[in-house]
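One file, entry22.txt, carrying compact mmCIF, C-alpha atoms and all ligand atoms:
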```txt
# COMPACT_ATOMS: atom_id res chain seq x y z
CA MET A 214 -38.30 20.87 -64.47
CA ILE A 215 -41.62 21.94 -65.96
CA GLU A 216 -44.58 20.83 -63.87
CA SER A 217 -48.30 20.77 -64.33
CA GLY A 218 -50.58 19.88 -61.44
CA GLY A 219 -47.71 18.18 -59.59
CA ASP A 220 -46.66 16.09 -62.59
CA VAL A 221 -43.37 16.66 -64.39
CA CYS A 222 -44.06 17.25 -68.07
CA GLY A 223 -40.83 18.68 -69.49
CA VAL A 224 -37.52 20.38 -68.89
CA THR A 225 -36.10 23.82 -69.37
CA ILE A 226 -32.79 23.99 -71.23
CA ASP A 227 -30.48 26.84 -72.22
CA THR A 228 -32.26 27.38 -75.51
CA GLY A 229 -35.86 26.97 -74.41
CA SER A 230 -37.95 24.08 -73.14
CA ILE A 231 -38.82 20.53 -74.13
CA GLU A 232 -42.15 18.91 -73.35
CA ALA A 233 -42.13 15.22 -72.52
CA ASP A 234 -44.46 12.48 -71.32
CA VAL A 235 -41.66 11.28 -69.04
CA VAL A 236 -38.40 12.92 -67.97
CA VAL A 237 -35.48 10.66 -67.04
CA LEU A 238 -33.07 12.25 -64.60
CA ALA A 239 -29.73 10.43 -64.55
CA ALA A 240 -27.20 13.16 -63.84
CA GLY A 241 -24.95 11.50 -61.25
CA VAL A 242 -24.07 13.82 -58.37
CA TRP A 243 -25.80 16.68 -60.15
CA THR A 244 -29.15 14.85 -59.88
CA ARG A 245 -29.89 16.18 -56.41
CA ALA A 246 -29.95 19.85 -57.45
CA LEU A 247 -31.98 19.09 -60.58
CA ALA A 248 -34.52 17.01 -58.64
CA ALA A 249 -34.88 19.86 -56.15
CA THR A 250 -36.34 21.99 -58.95
CA ALA A 251 -39.28 19.55 -58.92
CA GLY A 252 -39.47 19.71 -55.11
CA VAL A 253 -37.86 16.29 -54.64
CA ASP A 254 -35.11 15.77 -52.05
CA LEU A 255 -32.76 12.98 -53.11
CA PRO A 256 -30.13 12.27 -50.47
CA ILE A 257 -27.23 11.68 -52.86
CA GLY A 258 -23.69 12.65 -51.88
CA GLY A 259 -20.51 13.11 -53.86
CA GLU A 260 -17.18 11.40 -53.33
CA ARG A 261 -14.23 12.87 -55.22
CA LEU A 262 -11.54 10.58 -56.63
CA GLN A 263 -8.44 12.15 -58.15
CA VAL A 264 -6.35 10.49 -60.85
CA MET A 265 -2.98 11.34 -62.37
CA ALA A 266 -1.96 9.95 -65.77
CA THR A 267 1.60 9.44 -66.99
CA HIS A 268 2.65 9.77 -70.60
CA PRO A 269 2.64 6.40 -72.38
CA LEU A 270 5.26 4.07 -70.93
CA PRO A 271 6.35 0.50 -71.74
CA MET A 272 3.79 -2.00 -70.43
CA GLN A 273 4.57 -2.86 -66.79
CA VAL A 274 1.26 -2.92 -64.87
CA GLN A 275 -0.91 -5.84 -65.91
CA PRO A 276 -3.59 -4.67 -65.80
CA LEU A 277 -4.31 -3.29 -62.34
CA VAL A 278 -2.47 -3.21 -59.02
CA TYR A 279 -4.16 -2.34 -55.75
CA GLY A 280 -2.00 -1.25 -52.81
CA PRO A 281 -2.64 -2.07 -49.14
CA LEU A 282 -4.07 1.40 -48.33
CA ALA A 283 -7.12 0.55 -50.45
CA THR A 284 -8.18 -2.20 -48.05
CA LYS A 285 -9.88 0.18 -45.61
CA GLN A 286 -12.49 1.02 -48.21
CA TYR A 287 -13.74 -2.56 -48.62
CA SER A 288 -15.67 -4.59 -46.03
CA LEU A 289 -14.15 -7.66 -47.73
CA PHE A 290 -10.88 -6.77 -45.97
CA ARG A 291 -12.09 -4.73 -42.98
CA ASP A 292 -14.19 -7.63 -41.73
CA LEU A 293 -11.21 -9.98 -41.55
CA PRO A 294 -10.35 -10.70 -37.90
CA SER A 295 -6.69 -9.85 -38.48
CA TRP A 296 -7.34 -6.49 -40.23
CA ARG A 297 -6.16 -3.48 -38.22
CA ARG A 298 -6.82 0.03 -39.50
CA GLU A 299 -3.47 1.37 -38.24
CA ASP A 300 -1.62 -1.10 -40.49
CA PHE A 301 -3.32 0.34 -43.58
CA THR A 302 -3.21 4.06 -42.83
CA VAL A 303 -0.33 6.46 -43.47
CA ALA A 304 0.40 9.97 -42.17
CA TYR A 305 0.03 11.75 -45.50
CA GLU A 306 -3.65 10.72 -45.65
CA SER A 307 -4.59 12.75 -42.56
CA GLU A 308 -2.12 15.52 -43.47
CA GLN A 309 -3.73 15.95 -46.90
CA GLY A 310 -7.30 15.32 -45.67
CA ILE A 311 -7.83 12.35 -47.95
CA GLU A 312 -7.94 8.57 -47.91
CA MET A 313 -5.98 6.73 -50.54
CA LEU A 314 -7.79 4.17 -52.66
CA GLN A 315 -4.35 3.00 -53.67
CA LEU A 316 -4.17 1.67 -57.20
CA LEU A 317 -2.31 1.75 -60.48
CA ALA A 318 -3.71 0.74 -63.84
CA GLN A 319 -2.13 0.82 -67.28
CA ARG A 320 -4.17 1.51 -70.38
CA PRO A 321 -3.38 -0.21 -73.70
CA THR A 322 -2.00 3.18 -74.79
CA GLY A 323 0.74 2.76 -72.17
CA GLU A 324 -0.56 5.55 -69.91
CA ILE A 325 -0.37 4.57 -66.25
CA LEU A 326 -3.19 5.90 -64.08
CA LEU A 327 -2.12 6.70 -60.51
CA GLY A 328 -4.63 7.16 -57.74
CA CYS A 329 -6.89 7.69 -56.08
CA PRO A 330 -7.03 10.21 -53.23
CA MET A 331 -10.65 10.29 -52.02
CA ASP A 332 -12.44 13.07 -50.19
CA TYR A 333 -15.92 14.51 -49.70
CA PRO A 334 -16.11 18.21 -50.58
CA SER A 335 -19.15 19.94 -49.05
CA GLU A 336 -20.10 21.25 -52.50
CA ILE A 337 -19.80 19.21 -55.71
CA ASP A 338 -16.26 19.85 -56.90
CA ASP A 339 -14.60 17.85 -59.68
CA ARG A 340 -11.35 19.78 -59.67
CA PRO A 341 -8.12 18.06 -58.58
CA THR A 342 -6.26 19.69 -55.68
CA LEU A 343 -2.64 20.24 -54.73
CA ASP A 344 -3.28 18.06 -51.65
CA GLY A 345 -4.43 15.27 -53.93
CA VAL A 346 -1.42 15.63 -56.19
CA ALA A 347 0.87 15.69 -53.13
CA ALA A 348 -0.72 12.49 -51.81
CA ILE A 349 -0.28 10.68 -55.13
CA THR A 350 3.32 11.85 -55.32
CA GLU A 351 4.02 10.63 -51.80
CA MET A 352 2.28 7.31 -52.45
CA ILE A 353 4.34 6.68 -55.57
CA GLY A 354 7.56 7.69 -53.84
CA GLN A 355 6.93 5.33 -50.94
CA ASP A 356 5.35 2.31 -52.60
CA PHE A 357 6.16 2.41 -56.33
CA PRO A 358 9.59 4.12 -56.48
CA GLY A 359 10.22 2.81 -59.98
CA LEU A 360 7.68 5.38 -61.21
CA ARG A 361 9.22 8.46 -59.53
CA SER A 362 10.66 9.76 -62.78
CA ALA A 363 7.57 8.96 -64.86
CA PRO A 364 6.56 11.91 -67.07
CA ILE A 365 3.11 13.21 -66.07
CA ASP A 366 0.52 14.07 -68.69
CA ARG A 367 -2.51 15.27 -66.72
CA VAL A 368 -4.52 15.18 -63.49
CA TRP A 369 -8.29 15.13 -63.08
CA ALA A 370 -11.04 14.19 -60.64
CA GLY A 371 -14.34 12.40 -60.91
CA VAL A 372 -17.19 12.65 -58.40
CA LEU A 373 -19.00 9.41 -57.59
CA PRO A 374 -22.60 9.67 -56.47
CA TYR A 375 -23.61 7.55 -53.50
CA THR A 376 -26.47 7.06 -51.07
CA ALA A 377 -26.35 6.12 -47.39
CA ASP A 378 -27.16 2.47 -48.15
CA LEU A 379 -24.99 2.43 -51.34
CA ALA A 380 -27.91 1.40 -53.55
CA PRO A 381 -29.03 3.82 -56.27
CA VAL A 382 -32.46 5.39 -56.57
CA ILE A 383 -34.24 3.94 -59.61
CA ASP A 384 -37.88 4.91 -59.51
CA GLU A 385 -40.60 7.26 -60.70
CA VAL A 386 -40.23 9.75 -57.87
CA VAL A 387 -43.17 11.96 -58.87
CA PRO A 388 -45.49 11.33 -61.81
CA GLY A 389 -43.56 11.93 -65.01
CA LEU A 390 -40.09 11.98 -63.41
CA VAL A 391 -37.99 8.80 -63.45
CA VAL A 392 -34.72 9.03 -61.53
CA ALA A 393 -31.73 6.73 -62.02
CA ALA A 394 -28.95 8.09 -59.82
CA GLY A 395 -26.73 7.43 -56.84
CA HIS A 396 -24.74 4.63 -58.45
CA VAL A 397 -21.43 4.33 -56.69
CA PHE A 398 -20.53 1.38 -58.96
CA GLY A 399 -22.16 2.90 -62.00
CA ASN A 400 -19.83 1.47 -64.63
CA ALA A 401 -20.93 -2.00 -63.67
CA ALA A 402 -24.59 -1.18 -63.01
CA GLY A 403 -25.24 1.14 -65.96
CA PRO A 404 -26.54 -1.36 -68.52
CA VAL A 405 -29.03 -3.04 -66.21
CA THR A 406 -30.16 0.36 -64.93
CA GLY A 407 -30.87 1.43 -68.51
CA ARG A 408 -32.98 -1.67 -69.02
CA ILE A 409 -34.96 -1.07 -65.82
CA VAL A 410 -35.52 2.59 -66.70
CA SER A 411 -36.88 1.62 -70.10
CA GLN A 412 -39.32 -0.75 -68.38
CA LEU A 413 -40.43 1.90 -65.87
CA ILE A 414 -41.07 4.39 -68.69
CA ARG A 415 -43.25 1.88 -70.51
CA GLY A 416 -45.16 1.07 -67.32
CA ALA A 417 -43.87 -2.52 -67.45
CA GLU A 418 -42.92 -4.52 -64.39
CA PRO A 419 -39.12 -4.27 -63.90
CA GLN A 420 -37.56 -7.61 -64.74
CA ILE A 421 -35.69 -7.66 -61.44
CA ASP A 422 -36.94 -6.71 -57.98
CA ILE A 423 -36.00 -3.06 -57.47
CA SER A 424 -37.48 -2.63 -54.00
CA GLU A 425 -33.99 -1.84 -52.62
CA CYS A 426 -33.77 1.03 -55.13
CA ARG A 427 -37.19 2.57 -54.55
CA PHE A 428 -37.35 6.23 -53.56
CA ASP A 429 -39.69 5.57 -50.63
CA ARG A 430 -37.20 3.41 -48.73
CA ALA A 431 -35.82 5.07 -45.59
CA LEU A 432 -32.73 6.84 -46.93
CA GLU A 433 -30.59 8.79 -44.49
CA GLN A 434 -28.90 12.03 -45.48
CA VAL A 435 -25.26 11.83 -46.57
CA GLY A 436 -22.40 14.27 -46.66
CA GLY A 437 -20.62 16.32 -44.06
CA GLY A 438 -17.24 14.92 -45.05
CA ALA A 439 -17.88 11.50 -43.51
CA PRO A 440 -16.39 8.71 -45.60
CA THR A 441 -18.63 6.15 -47.20
CA ARG A 442 -17.53 2.51 -47.15
CA TRP A 443 -18.09 -0.22 -49.72
C1 LIG B 1 -11.64 7.25 -60.53
C2 LIG B 1 -12.94 6.52 -60.57
C3 LIG B 1 -12.95 5.14 -60.61
C4 LIG B 1 -14.17 4.45 -60.69
N1 LIG B 1 -14.14 3.07 -60.75
C5 LIG B 1 -15.29 2.40 -60.92
C6 LIG B 1 -15.27 0.98 -61.09
O1 LIG B 1 -14.22 0.35 -61.08
N2 LIG B 1 -16.47 0.33 -61.25
C7 LIG B 1 -17.65 1.00 -61.27
O2 LIG B 1 -18.69 0.36 -61.45
N3 LIG B 1 -17.70 2.34 -61.10
C8 LIG B 1 -16.55 3.05 -60.93
N4 LIG B 1 -16.58 4.40 -60.77
C9 LIG B 1 -17.88 5.04 -60.56
C10 LIG B 1 -18.59 5.38 -61.82
O3 LIG B 1 -17.80 6.20 -62.64
C11 LIG B 1 -19.91 6.09 -61.44
O4 LIG B 1 -20.63 5.24 -60.58
C12 LIG B 1 -20.71 6.38 -62.68
O5 LIG B 1 -20.02 7.26 -63.53
C13 LIG B 1 -22.06 7.00 -62.31
O6 LIG B 1 -22.78 7.07 -63.51
P1 LIG B 1 -23.93 8.11 -63.71
O7 LIG B 1 -24.32 8.01 -65.16
O8 LIG B 1 -24.97 7.94 -62.66
O9 LIG B 1 -23.27 9.55 -63.43
P2 LIG B 1 -22.14 10.29 -64.26
O10 LIG B 1 -21.20 9.33 -64.91
O11 LIG B 1 -21.56 11.31 -63.31
O12 LIG B 1 -22.96 11.00 -65.42
C14 LIG B 1 -23.81 12.10 -65.16
C15 LIG B 1 -23.86 12.91 -66.42
O13 LIG B 1 -24.85 13.93 -66.28
C16 LIG B 1 -24.38 15.09 -66.92
N5 LIG B 1 -25.10 16.27 -66.41
C17 LIG B 1 -25.04 16.83 -65.18
N6 LIG B 1 -25.85 17.89 -65.09
C18 LIG B 1 -26.47 18.01 -66.30
C19 LIG B 1 -27.44 18.92 -66.84
N7 LIG B 1 -27.94 19.92 -66.11
N8 LIG B 1 -27.81 18.73 -68.12
C20 LIG B 1 -27.32 17.71 -68.86
N9 LIG B 1 -26.40 16.82 -68.41
C21 LIG B 1 -25.99 16.97 -67.14
C22 LIG B 1 -22.90 15.11 -66.57
O14 LIG B 1 -22.18 15.92 -67.44
C23 LIG B 1 -22.55 13.63 -66.72
O15 LIG B 1 -22.16 13.33 -68.05
C24 LIG B 1 -15.38 5.14 -60.70
C25 LIG B 1 -15.38 6.55 -60.67
C26 LIG B 1 -14.17 7.23 -60.59
C27 LIG B 1 -14.20 8.75 -60.56
```

Would you kindly transcribe this structure into structure tokens?
Amino acid sequence: MIESGGDVCGVTIDTGSIEADVVVLAAGVWTRALAATAGVDLPIGGERLQVMATHPLPMQVQPLVYGPLATKQYSLFRDLPSWRREDFTVAYESEQGIEMLQLLAQRPTGEILLGCPMDYPSEIDDRPTLDGVAAITEMIGQDFPGLRSAPIDRVWAGVLPYTADLAPVIDEVVPGLVVAAGHVFGNAAGPVTGRIVSQLIRGAEPQIDISECRFDRALEQVGGGAPTRW
């Protein structure tokens, strides 16, 4: 970030610098390190989800199947009186140091996406691991044996940003620097966030109340490998 008298007034890039009246910082889990260059501490953590994709196969998953192991991630299920963690936990999760957000989805191309082992690396790391691949393999073998011989095309990981209260930070955090980051459900929240950011840049009143997303709310630190829950 380029600063002048405490205000952010541009960014440095590989090929030089760009001056700006307002800088919008919306870099997912990478936001924290970039904000630190302007002296701002944003308590945003990273949750890694790994995914394996098969080669295209005849349509058989329509369109998405969640398995029982996914229930521990959602308060919707955990808060049910009859829900017991031990019924929705398997040995390979602790052996591989992950929790399984168990789901399959099939794209119109026929690719089936298999996932998602979740963990919390201490540093941002969007590389899949052998432990993650082993967990997916075990999960398919146990719960979806019809896919054991599926040809595999590729494996990757994404890192979801999140905050301690699961709401993003959408605010002008110092003069000239608007942050929009920490969206754990960013696919769903992206369009409305874009609208709010455009209103903040123009100095207009956001069309919805964003007090829960303000930077000055009491946000605890995140990380340390502790799972976040939705
Ligand atoms: C497997 C998986 C399943 C998911 N399922 C859902 C779902 O069902 N529903 C849902 O709502 N969300 C879902 N998400 C979460 C969703 O993907 C994220 O919440 C969303 O991507 C966050 O958006 P973002 O724009 O804040 O960050 P990102 O999508 O991470 O985008 C940040 C961008 O900043 C760029 N960047 C970083 N550093 C720099 C730099 N120095 N200069 C320039 N660019 C930089 C990065 O390359 C990246 O393109 C899922 C995520 C995963 C991994």

Would you please work out which residue, of A:Gly310, A:Gly323, A:Pro388, A:Gly438, is nearest to Ala363 (chain A) when using only C-alpha atoms? A:Gly323

What does the list of residues within 6 Å of ligand LIG 1 (chain B) look like if you count all atoms listed in the file, written as a ChimeraX atom specification? /A:239-241,243,262,371-373,394,396-401

So that I can check the surroundings of Arg320 (chain A), please list as a list in words every protein, DNA and RNA residue that reaches within 9 Å of it, counting only C-alpha atoms and ignoring chain neighbours fewer than 4 positions away. Pro269, Met272, Val274, Pro276, Glu324, Ile325 and Leu326 of chain A

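Distances to Asp338 (chain A) were evaluated for A:Gly259, A:Gly436, A:Pro281, A:Gly229 using all atoms listed in the file, and the minimum falls at A:Gly259.
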
Please identify all polymer residues within 8 Å of Pro440 (chain A), counting all atoms listed in the file, omitting same-chain residues fewer than 2 positions from it, and present them as a short mmCIF file (atom, residue, chain, number, x, y, z; two decimals) with C-alpha atoms, in the coordinates of the input.
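File written: out04.cif
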```
data_model
loop_
_atom_site.label_atom_id
_atom_site.label_comp_id
_atom_site.auth_asym_id
_atom_site.auth_seq_id
_atom_site.Cartn_x
_atom_site.Cartn_y
_atom_site.Cartn_z
CA ASP A 332 -12.44 13.07 -50.19
CA TYR A 333 -15.92 14.51 -49.70
CA GLY A 438 -17.24 14.92 -45.05
CA ARG A 442 -17.53 2.51 -47.15
#
```

Identify which of the residues A:Ser217, A:Leu432, A:Ala393, A:Leu317 lies closest to Glu232 (chain A), counting all atoms listed in the file when measuring atom-to-atom distances. A:Ser217

Would you pick out the contacts of Val237 (chain A) at 9 Å or less, using only C-alpha atoms, so that residues sharing its chain but fewer than 5 positions from it are not included, and give the list as an mmCIF file with C-alpha atoms, in the frame of the given file?
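The result, written out as around.cif:
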```cif
data_model
loop_
_atom_site.group_PDB
_atom_site.id
_atom_site.type_symbol
_atom_site.label_atom_id
_atom_site.label_comp_id
_atom_site.auth_asym_id
_atom_site.auth_seq_id
_atom_site.Cartn_x
_atom_site.Cartn_y
_atom_site.Cartn_z
ATOM 1 C CA GLU A 385 -40.600 7.260 -60.700
ATOM 2 C CA GLY A 389 -43.560 11.930 -65.010
ATOM 3 C CA LEU A 390 -40.090 11.980 -63.410
ATOM 4 C CA VAL A 391 -37.990 8.800 -63.450
ATOM 5 C CA VAL A 392 -34.720 9.030 -61.530
ATOM 6 C CA ALA A 393 -31.730 6.730 -62.020
ATOM 7 C CA VAL A 410 -35.520 2.590 -66.700
ATOM 8 C CA ILE A 414 -41.070 4.390 -68.690
#
```

Leaving out Ile257 (chain A) and any residue of its chain fewer than 5 positions from it, which residues lie within 6 Å of it when counting only C-alpha atoms, given as a list in words? Tyr375, Thr376 and Gly395 of chain A

Store the residues picked out above, limited to C-alpha atoms, as a PDB file, in the coordinates of the input.
```pdb
ATOM      1  CA  TYR A 375     -23.610   7.550 -53.500  1.00  0.00           C
ATOM      2  CA  THR A 376     -26.470   7.060 -51.070  1.00  0.00           C
ATOM      3  CA  GLY A 395     -26.730   7.430 -56.840  1.00  0.00           C
TER       4      GLY A 395
END
```

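Nearest residue to Val278 (chain A), choosing from A:Gln434, A:Val368, A:Ile215, A:Ala318 and counting only C-alpha atoms: A:Ala318.
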
For Leu277 (chain A), the nearest of the candidates A:Pro334, A:Pro294, A:Gly354, A:Pro321, counting only C-alpha atoms: A:Pro321

What does the distance from CA of Ile311 (chain A) to CA of Gly345 (chain A) come to in Å, to one decimal? 7.5 Å

Shortest interatomic distance to Ala266 (chain A) - which of A:Ala370, A:Leu282, A:Leu314, A:Leu293, counting all atoms listed in the file: A:Ala370

Fewer than 6 positions away in the same chain doesn't count, so skip those; otherwise give me all residues within 8 Å of region 415-428 of chain A, counting all atoms listed in the file, as a ChimeraX atom specification. /A:380-386,409

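Our summary of the geometry notes that CA of Glu351 (chain A) is positioned 13.3 Å from CA of Thr302 (chain A).
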
How big is the axis-aligned box around all listed atoms of region 424-435 of chain A once 3 Å goes on each side, and where's its centre, in Å to one decimal, as AutoDock Vina command-line options?
```
--center_x -32.5 --center_y 4.7 --center_z -49.8 --size_x 20.4 --size_y 20.7 --size_z 16.6
```
